[in-house]
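*Asks:* This one is model.cif, mmCIF, C-alpha atoms.
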```
data_query
#
loop_
_atom_site.label_atom_id
_atom_site.label_comp_id
_atom_site.auth_asym_id
_atom_site.auth_seq_id
_atom_site.Cartn_x
_atom_site.Cartn_y
_atom_site.Cartn_z
CA MET D 1 0.90 -21.68 -18.01
CA GLN D 2 3.24 -18.84 -17.06
CA LEU D 3 1.44 -18.44 -13.73
CA PHE D 4 1.65 -22.20 -13.09
CA LYS D 5 5.41 -22.10 -13.63
CA LEU D 6 5.79 -19.10 -11.35
CA GLN D 7 3.59 -20.74 -8.70
CA THR D 8 5.65 -23.94 -8.81
CA ILE D 9 8.93 -22.07 -8.40
CA TRP D 10 7.43 -19.95 -5.63
CA ASN D 11 6.40 -23.04 -3.63
CA LEU D 12 9.84 -24.64 -3.93
CA VAL D 13 12.05 -21.68 -3.05
CA SER D 14 12.73 -20.85 0.60
CA PRO D 15 12.29 -17.24 1.79
CA SER D 16 16.05 -16.79 2.25
CA LEU D 17 16.90 -18.07 -1.22
CA LEU D 18 14.13 -16.00 -2.72
CA ASP D 19 15.46 -12.93 -0.95
CA ILE D 20 18.90 -13.57 -2.42
CA GLY D 21 17.51 -14.30 -5.87
CA ILE D 22 15.35 -11.20 -6.00
CA ARG D 23 18.50 -9.10 -5.76
CA SER D 24 19.57 -10.53 -9.11
CA GLN D 25 18.59 -8.13 -11.89
CA SER D 26 18.19 -10.95 -14.41
CA LEU D 27 15.81 -12.87 -12.15
CA ARG D 28 13.84 -9.73 -11.39
CA ASN D 29 13.57 -8.99 -15.11
CA LEU D 30 12.16 -12.47 -15.67
CA ALA D 31 9.68 -12.05 -12.82
CA LEU D 32 8.63 -8.66 -14.17
CA ARG D 33 7.94 -10.07 -17.64
CA ILE D 34 5.84 -12.91 -16.24
CA GLY D 35 4.06 -10.60 -13.79
CA GLU D 36 3.21 -8.01 -16.44
CA LYS D 37 1.88 -10.69 -18.77
CA GLU D 38 -0.38 -12.07 -16.03
CA LEU D 39 -1.54 -8.60 -15.03
CA TYR D 40 -2.45 -7.73 -18.62
CA HIS D 41 -4.36 -10.97 -18.93
CA ASP D 42 -6.30 -10.33 -15.70
CA PHE D 43 -6.96 -6.62 -16.18
CA VAL D 44 -7.53 -6.49 -19.94
CA THR D 45 -7.71 -9.75 -21.91
CA ALA D 46 -9.85 -11.84 -19.56
CA ASN D 47 -11.85 -8.98 -18.05
CA ASP D 48 -15.57 -9.57 -18.55
CA THR D 49 -16.80 -6.21 -17.23
CA ASN D 50 -18.34 -3.53 -19.40
CA MET D 51 -15.57 -1.04 -18.71
CA PRO D 52 -14.02 0.65 -21.77
CA ARG D 53 -10.83 -1.06 -22.89
CA LYS D 54 -8.84 2.13 -22.35
CA VAL D 55 -9.87 2.18 -18.68
CA LEU D 56 -8.79 -1.44 -18.28
CA GLU D 57 -5.45 -0.68 -19.91
CA MET D 58 -4.94 2.28 -17.56
CA LYS D 59 -5.62 0.06 -14.53
CA TYR D 60 -3.10 -2.44 -15.84
CA GLN D 61 -0.56 0.36 -16.37
CA VAL D 62 -0.92 1.52 -12.76
CA MET D 63 -0.08 -1.97 -11.47
CA SER D 64 2.74 -2.36 -13.97
CA ASN D 65 4.25 0.96 -12.87
CA LEU D 66 4.03 -0.18 -9.26
CA LEU D 67 5.99 -3.36 -10.02
CA HIS D 68 8.68 -1.36 -11.83
CA ARG D 69 8.99 1.14 -8.97
CA ILE D 70 9.42 -1.75 -6.52
CA ASP D 71 12.08 -3.23 -8.80
CA GLN D 72 13.92 0.10 -8.94
CA ALA D 73 13.79 0.53 -5.16
CA ILE D 74 15.29 -2.94 -4.67
CA ALA D 75 17.99 -2.26 -7.27
CA ASP D 76 18.94 1.04 -5.63
CA GLY D 77 19.04 -0.44 -2.13
CA ARG D 78 16.56 2.17 -0.89
CA ILE D 79 14.47 -0.19 1.24
CA SER D 80 15.34 -2.12 4.39
CA ALA D 81 15.85 -5.88 4.38
CA GLN D 82 12.57 -6.52 6.22
CA VAL D 83 10.64 -4.28 3.84
CA ARG D 84 12.19 -6.10 0.90
CA ARG D 85 11.17 -9.48 2.30
CA SER D 86 7.65 -8.24 3.01
CA ILE D 87 7.27 -6.84 -0.51
CA ILE D 88 8.49 -10.10 -2.03
CA ARG D 89 6.43 -12.46 0.11
CA THR D 90 3.32 -10.40 0.78
CA LEU D 91 2.79 -7.68 -1.79
CA ILE D 92 4.06 -9.68 -4.78
CA GLY D 93 3.74 -13.28 -3.62
CA SER D 94 0.30 -13.10 -2.09
CA LEU D 95 -1.20 -10.28 -4.14
CA VAL D 96 -0.01 -11.45 -7.56
CA ILE D 97 0.14 -15.23 -7.04
CA GLU D 98 -1.64 -16.66 -4.00
CA ASP D 99 -4.71 -14.41 -4.14
CA LYS D 100 -5.83 -16.02 -7.39
CA LYS D 101 -6.76 -19.30 -5.69
CA ARG D 102 -9.10 -17.83 -3.08
CA SER D 103 -10.43 -15.28 -5.54
CA LEU D 104 -11.49 -18.09 -7.88
CA ARG D 105 -13.14 -19.99 -5.01
CA PHE D 106 -14.99 -16.83 -3.97
CA HIS D 107 -16.21 -16.31 -7.54
CA GLU D 108 -17.41 -19.91 -7.79
CA LYS D 109 -19.32 -19.55 -4.51
CA HIS D 110 -20.84 -16.09 -4.93
CA GLY D 111 -20.86 -15.55 -8.69
CA TYR D 112 -18.82 -12.35 -8.72
CA GLU D 113 -15.23 -11.21 -8.16
CA PRO D 114 -14.23 -10.11 -4.64
CA PRO D 115 -12.62 -6.71 -4.03
CA THR D 116 -8.83 -6.67 -4.32
CA PHE D 117 -8.45 -4.64 -1.14
CA ILE D 118 -10.43 -2.69 1.44
CA THR D 119 -10.02 0.78 2.91
CA ILE D 120 -10.62 1.14 6.63
CA SER D 121 -10.58 4.19 8.93
CA PRO D 122 -9.86 2.90 12.45
CA THR D 123 -10.10 6.37 14.04
CA LYS D 124 -11.19 9.93 13.29
CA ARG D 125 -8.73 11.40 15.80
CA CYS D 126 -6.19 13.76 14.25
CA ASN D 127 -3.59 16.17 15.57
CA LEU D 128 -4.35 18.65 12.76
CA HIS D 129 -7.45 20.50 11.65
CA CYS D 130 -6.99 20.98 7.91
CA LYS D 131 -9.34 23.19 5.93
CA GLY D 132 -11.98 21.17 4.13
CA CYS D 133 -11.04 17.82 5.69
CA TYR D 134 -13.38 15.27 4.09
CA ALA D 135 -13.53 13.25 7.32
CA ASN D 136 -13.96 16.35 9.50
CA SER D 137 -11.16 14.95 11.64
CA SER D 138 -9.59 16.82 14.52
CA ALA D 139 -8.39 16.35 18.09
CA LYS D 140 -12.02 16.70 19.22
CA ASN D 141 -13.13 13.58 17.33
CA ALA D 142 -13.17 10.46 19.47
CA GLU D 143 -14.87 8.01 17.09
CA THR D 144 -12.67 4.91 17.07
CA LEU D 145 -13.29 1.31 16.03
CA ASN D 146 -12.49 -1.36 18.59
CA TYR D 147 -9.23 -3.13 17.85
CA SER D 148 -10.98 -6.52 17.86
CA VAL D 149 -13.36 -5.28 15.14
CA VAL D 150 -10.55 -3.98 12.92
CA GLN D 151 -8.59 -7.20 13.40
CA ARG D 152 -11.63 -9.32 12.57
CA ILE D 153 -12.28 -7.37 9.35
CA ILE D 154 -8.69 -7.82 8.17
CA ARG D 155 -8.58 -11.53 9.01
CA GLU D 156 -11.94 -12.25 7.34
CA LYS D 157 -11.15 -10.50 4.08
CA THR D 158 -7.72 -12.17 3.97
CA GLU D 159 -8.98 -15.68 4.67
CA GLU D 160 -12.30 -15.50 2.80
CA TRP D 161 -11.18 -14.07 -0.53
CA GLY D 162 -7.41 -13.83 -0.39
CA SER D 163 -7.03 -10.05 -0.04
CA HIS D 164 -3.55 -9.29 1.29
CA PHE D 165 -3.57 -5.53 0.72
CA THR D 166 -5.16 -3.06 3.13
CA VAL D 167 -5.48 0.73 2.97
CA ILE D 168 -5.57 2.61 6.28
CA THR D 169 -7.00 6.11 6.37
CA GLY D 170 -8.40 8.38 9.02
CA GLY D 171 -8.13 10.65 10.93
CA GLU D 172 -4.45 10.11 11.60
CA PRO D 173 -3.73 6.35 11.77
CA LEU D 174 -0.69 6.82 14.03
CA LEU D 175 -3.05 8.14 16.76
CA TYR D 176 -5.10 4.95 16.74
CA LYS D 177 -5.34 3.27 20.14
CA SER D 178 -7.93 0.75 21.27
CA GLU D 179 -8.07 -2.10 23.78
CA GLY D 180 -4.46 -1.42 24.74
CA LYS D 181 -3.20 -1.76 21.15
CA ASP D 182 -2.19 0.56 18.33
CA LEU D 183 -1.36 0.60 14.62
CA PHE D 184 1.93 -1.22 15.10
CA ASP D 185 0.18 -4.10 16.86
CA LEU D 186 -2.12 -4.34 13.84
CA LEU D 187 0.88 -4.48 11.48
CA LYS D 188 2.64 -7.15 13.53
CA GLU D 189 -0.44 -9.35 13.86
CA ASN D 190 -1.13 -9.21 10.12
CA ARG D 191 2.25 -9.76 8.51
CA ASP D 192 0.54 -11.53 5.62
CA ASN D 193 -0.95 -8.17 4.64
CA TYR D 194 0.76 -5.14 3.13
CA PHE D 195 -0.60 -1.78 4.27
CA LEU D 196 -0.82 1.61 2.60
CA MET D 197 -1.37 4.34 5.20
CA TYR D 198 -2.59 7.86 4.45
CA THR D 199 -0.92 10.16 6.98
CA ASN D 200 -0.08 13.79 7.64
CA SER D 201 3.38 12.46 8.67
CA THR D 202 3.88 14.80 11.62
CA LEU D 203 4.24 11.84 14.00
CA ILE D 204 6.85 10.04 11.90
CA ASP D 205 10.02 10.74 13.85
CA ARG D 206 13.16 8.60 13.59
CA ASP D 207 11.86 6.03 16.09
CA VAL D 208 8.54 5.60 14.27
CA ALA D 209 10.32 5.30 10.91
CA LYS D 210 12.63 2.67 12.42
CA LYS D 211 9.66 0.65 13.71
CA MET D 212 8.07 0.76 10.26
CA ALA D 213 11.32 -0.48 8.70
CA GLU D 214 11.63 -3.31 11.22
CA ILE D 215 8.05 -4.53 10.75
CA GLY D 216 8.34 -3.99 7.00
CA ASN D 217 4.74 -4.21 5.75
CA ILE D 218 3.64 -0.59 5.49
CA THR D 219 4.06 2.28 3.05
CA PRO D 220 2.99 5.79 4.13
CA ALA D 221 1.24 8.06 1.63
CA ILE D 222 1.97 11.56 2.92
CA SER D 223 -0.58 14.30 2.36
CA VAL D 224 0.67 17.45 0.65
CA GLU D 225 -1.13 20.23 -1.19
CA GLY D 226 1.68 21.29 -3.54
CA TRP D 227 4.76 23.21 -2.46
CA GLU D 228 5.33 24.96 0.88
CA LYS D 229 2.89 27.82 0.30
CA GLU D 230 -0.02 25.58 -0.67
CA THR D 231 0.65 22.94 1.99
CA ASP D 232 1.06 25.40 4.86
CA ALA D 233 -2.01 27.36 3.77
CA ARG D 234 -4.24 24.32 4.22
CA ARG D 235 -2.45 22.28 6.89
CA GLY D 236 -0.82 24.91 9.07
CA LYS D 237 2.33 27.01 9.16
CA GLY D 238 5.53 24.96 9.19
CA MET D 239 3.82 21.79 8.01
CA PHE D 240 5.79 21.53 4.78
CA SER D 241 9.10 21.54 6.69
CA ARG D 242 7.80 18.86 9.06
CA ILE D 243 6.74 16.74 6.08
CA LEU D 244 10.20 17.02 4.52
CA GLN D 245 11.74 15.89 7.82
CA ALA D 246 9.38 12.92 8.01
CA MET D 247 10.35 11.96 4.46
CA GLU D 248 14.02 12.09 5.41
CA ASN D 249 13.36 9.90 8.46
CA LEU D 250 11.62 7.31 6.27
CA ARG D 251 14.30 7.49 3.59
CA SER D 252 17.08 6.97 6.15
CA ALA D 253 15.28 3.99 7.68
CA GLY D 254 14.62 2.36 4.30
CA VAL D 255 10.83 2.69 4.28
CA PRO D 256 9.18 3.29 0.87
CA PHE D 257 6.72 6.17 0.83
CA GLY D 258 4.66 8.28 -1.55
CA ILE D 259 2.49 11.37 -1.47
CA SER D 260 -1.25 11.99 -1.55
CA VAL D 261 -2.59 15.20 -3.06
CA THR D 262 -6.05 16.73 -3.22
CA ALA D 263 -6.64 18.87 -6.28
CA THR D 264 -8.49 22.14 -5.64
CA ARG D 265 -8.90 25.35 -7.60
CA GLU D 266 -6.02 26.80 -5.57
CA ASN D 267 -3.46 24.12 -6.46
CA ALA D 268 -4.65 22.26 -9.57
CA GLU D 269 -2.27 24.03 -11.95
CA ILE D 270 0.70 23.41 -9.64
CA LEU D 271 -0.07 19.71 -9.22
CA LEU D 272 -0.15 19.26 -13.00
CA SER D 273 2.99 21.27 -13.65
CA ASP D 274 6.20 19.61 -14.86
CA GLY D 275 8.11 20.96 -11.86
CA PHE D 276 5.85 19.25 -9.34
CA THR D 277 5.21 15.96 -11.12
#
```
What do you get writing this file as structure tokens?
*Replies:*
Amino acid sequence: MQLFKLQTIWNLVSPSLLDIGIRSQSLRNLALRIGEKELYHDFVTANDTNMPRKVLEMKYQVMSNLLHRIDQAIADGRISAQVRRSIIRTLIGSLVIEDKKRSLRFHEKHGYEPPTFITISPTKRCNLHCKGCYANSSAKNAETLNYSVVQRIIREKTEEWGSHFTVITGGEPLLYKSEGKDLFDLLKENRDNYFLMYTNSTLIDRDVAKKMAEIGNITPAISVEGWEKETDARRGKGMFSRILQAMENLRSAGVPFGISVTATRENAEILLSDGFT
């Protein structure tokens, strides 16, 4: 019933009015309560898998935390107008509301739930050569998917089972070029998707950050190994400073971002320390 009410309101409100309304703390609080209730129902109450209940509750908590972080970013004015609209319409609107319809149709047709999102590596090219890279990526790697193939994958999963969230990994996604197109063409041609991109961030200058803010449907997850010592030891001297500059470029442009860490025996204690977390 709550979802039906939210769906009805969603269909009646124009994007501009919704954008204005979402800046109201009271309306956002209402949306959060409804969203959390639906998430708990989907992840925990109505889940028919054999996963332990605690695991289901942890998955719900991850999504709940994500919604609250988005709410806080909107309240603080830390994201650009286009990013805000994309989060509202795509990440929340499609992922939380619209996806349910196609997901149900997929389940009726195939007898099982479709994946919520996919992870795709369009290229193995990378401008770094980090120790222990799981993808063995470097400047020498030329393996790259054709743009038409990547585009087809994204359109099919969006239209077939209502997946509007896509994870891009690599290699370094910002080096992707194929058939005369690049990552930004992919973002523009799939505005009904929200993208999370794993990146070393060295190519995120002010112009790149500005383009991300203007398109509005991507969040970089920047790879770090801990503090400066740990990051530079694995990724190269001066890398930590370049990462901090990339973060500042994104922050100034109003692009939300996060970090991605790989725990090893050299940095595990640091990653779990109160100072780092």
*Asks:* Considering only C-alpha atoms, return as an MDAnalysis selection string whatever protein or nucleic-acid residues lie within 8 Å of segment 161-177 of chain D, sequence-local ones (same chain, fewer than 6 positions apart) excluded.
*Replies:* chainID D and resid 90:91 94:95 98:103 105:106 114:127 135 137:138 144 147 154 183 192:200 203
*Asks:* Given the file shown, enumerate the residues that the PyMOL selection byres ((chain D and resi 76-87) around 7) captures and present them as a list in words.
*Replies:*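 Applying the PyMOL selection byres ((chain D and resi 76-87) around 7) to the structure shown produces Asp19, Gln72, Ala73, Ile74, Ala75, Ile88, Arg89, Thr90, Leu91, Ile92, Ala213, Glu214, Ile215, Gly216, Asn217, Ala253, Gly254, Val255 and Pro256 of chain D.
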*Asks:* My list of candidates is D:Ser201, D:Val208, D:Ser260, D:Glu160. Which is closest to Gly226 of chain D when distances are computed with all atoms listed in the file?
*Replies:*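 Of D:Ser201, D:Val208, D:Ser260, D:Glu160, the one nearest Gly226 of chain D is D:Ser260, counting all atoms listed in the file.
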*Asks:* Which residues are near Arg206 of chain D? Cut-off 12 Å, all atoms listed in the file, ignore same chain within fewer than 4 positions. Put them as a list in words.
*Replies:*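 Returned residues: Ser201, Thr202, Lys210, Lys211, Met212, Ala213, Gln245, Ala246, Met247, Glu248, Asn249, Leu250, Arg251, Ser252, Ala253, Gly254 and Val255 of chain D.
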*Asks:* Take the residues from that selection and put them in a file with C-alpha atoms, as a PDB file, in the coordinates of the input.
*Replies:*
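Output (again-v8.pdb):
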```pdb
ATOM      1  CA  SER D 201       3.380  12.460   8.670  1.00  0.00           C
ATOM      2  CA  THR D 202       3.880  14.800  11.620  1.00  0.00           C
ATOM      3  CA  LYS D 210      12.630   2.670  12.420  1.00  0.00           C
ATOM      4  CA  LYS D 211       9.660   0.650  13.710  1.00  0.00           C
ATOM      5  CA  MET D 212       8.070   0.760  10.260  1.00  0.00           C
ATOM      6  CA  ALA D 213      11.320  -0.480   8.700  1.00  0.00           C
ATOM      7  CA  GLN D 245      11.740  15.890   7.820  1.00  0.00           C
ATOM      8  CA  ALA D 246       9.380  12.920   8.010  1.00  0.00           C
ATOM      9  CA  MET D 247      10.350  11.960   4.460  1.00  0.00           C
ATOM     10  CA  GLU D 248      14.020  12.090   5.410  1.00  0.00           C
ATOM     11  CA  ASN D 249      13.360   9.900   8.460  1.00  0.00           C
ATOM     12  CA  LEU D 250      11.620   7.310   6.270  1.00  0.00           C
ATOM     13  CA  ARG D 251      14.300   7.490   3.590  1.00  0.00           C
ATOM     14  CA  SER D 252      17.080   6.970   6.150  1.00  0.00           C
ATOM     15  CA  ALA D 253      15.280   3.990   7.680  1.00  0.00           C
ATOM     16  CA  GLY D 254      14.620   2.360   4.300  1.00  0.00           C
ATOM     17  CA  VAL D 255      10.830   2.690   4.280  1.00  0.00           C
TER      18      VAL D 255
END
```
*Asks:* So how far away is atom CA of Phe257 of chain D from atom CA of Tyr134 of chain D, in Å?
*Replies:*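 For atom CA of Tyr134 of chain D relative to atom CA of Phe257 of chain D, the distance reads 22.3 Å.
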*Asks:* One decimal, Å: what's the distance from atom CA of Lys37 of chain D over to atom CA of Met58 of chain D, could you say?
*Replies:*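 Going from atom CA of Lys37 of chain D over to atom CA of Met58 of chain D covers 14.7 Å.
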*Asks:* Report, in Å with one decimal, the straight-line distance from atom CA of Ala46 of chain D to atom CA of Thr158 of chain D.
*Replies:*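 Atom CA of Thr158 of chain D lies 23.6 Å from atom CA of Ala46 of chain D.
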*Asks:* Take the PyMOL selection byres ((chain D and resi 148) around 10), run it mentally on this structure, and tell me the resulting residues as a PyMOL selection string.
*Replies:* chain D and resi 145-147+149-153+178-179+181+186
*Asks:* Quick one: of D:Ala221, D:Arg191, D:His129, D:Ile270, who's nearest to Arg235 of chain D, counting only C-alpha atoms?
*Replies:* D:His129
*Asks:* Compare D:Arg69, D:Arg234, D:His107, D:Arg155 by their minimum atom-to-atom distance to Lys131 of chain D, counting only C-alpha atoms, and give me the closest one.
*Replies:* D:Arg234
*Asks:* Go through D:Thr262, D:Thr45, D:Asn190, D:Thr277 and flag the residue nearest Cys133 of chain D, using only C-alpha atoms for the distances.
*Replies:*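 When distances to Cys133 of chain D are compared using only C-alpha atoms, the smallest one comes from D:Thr262.
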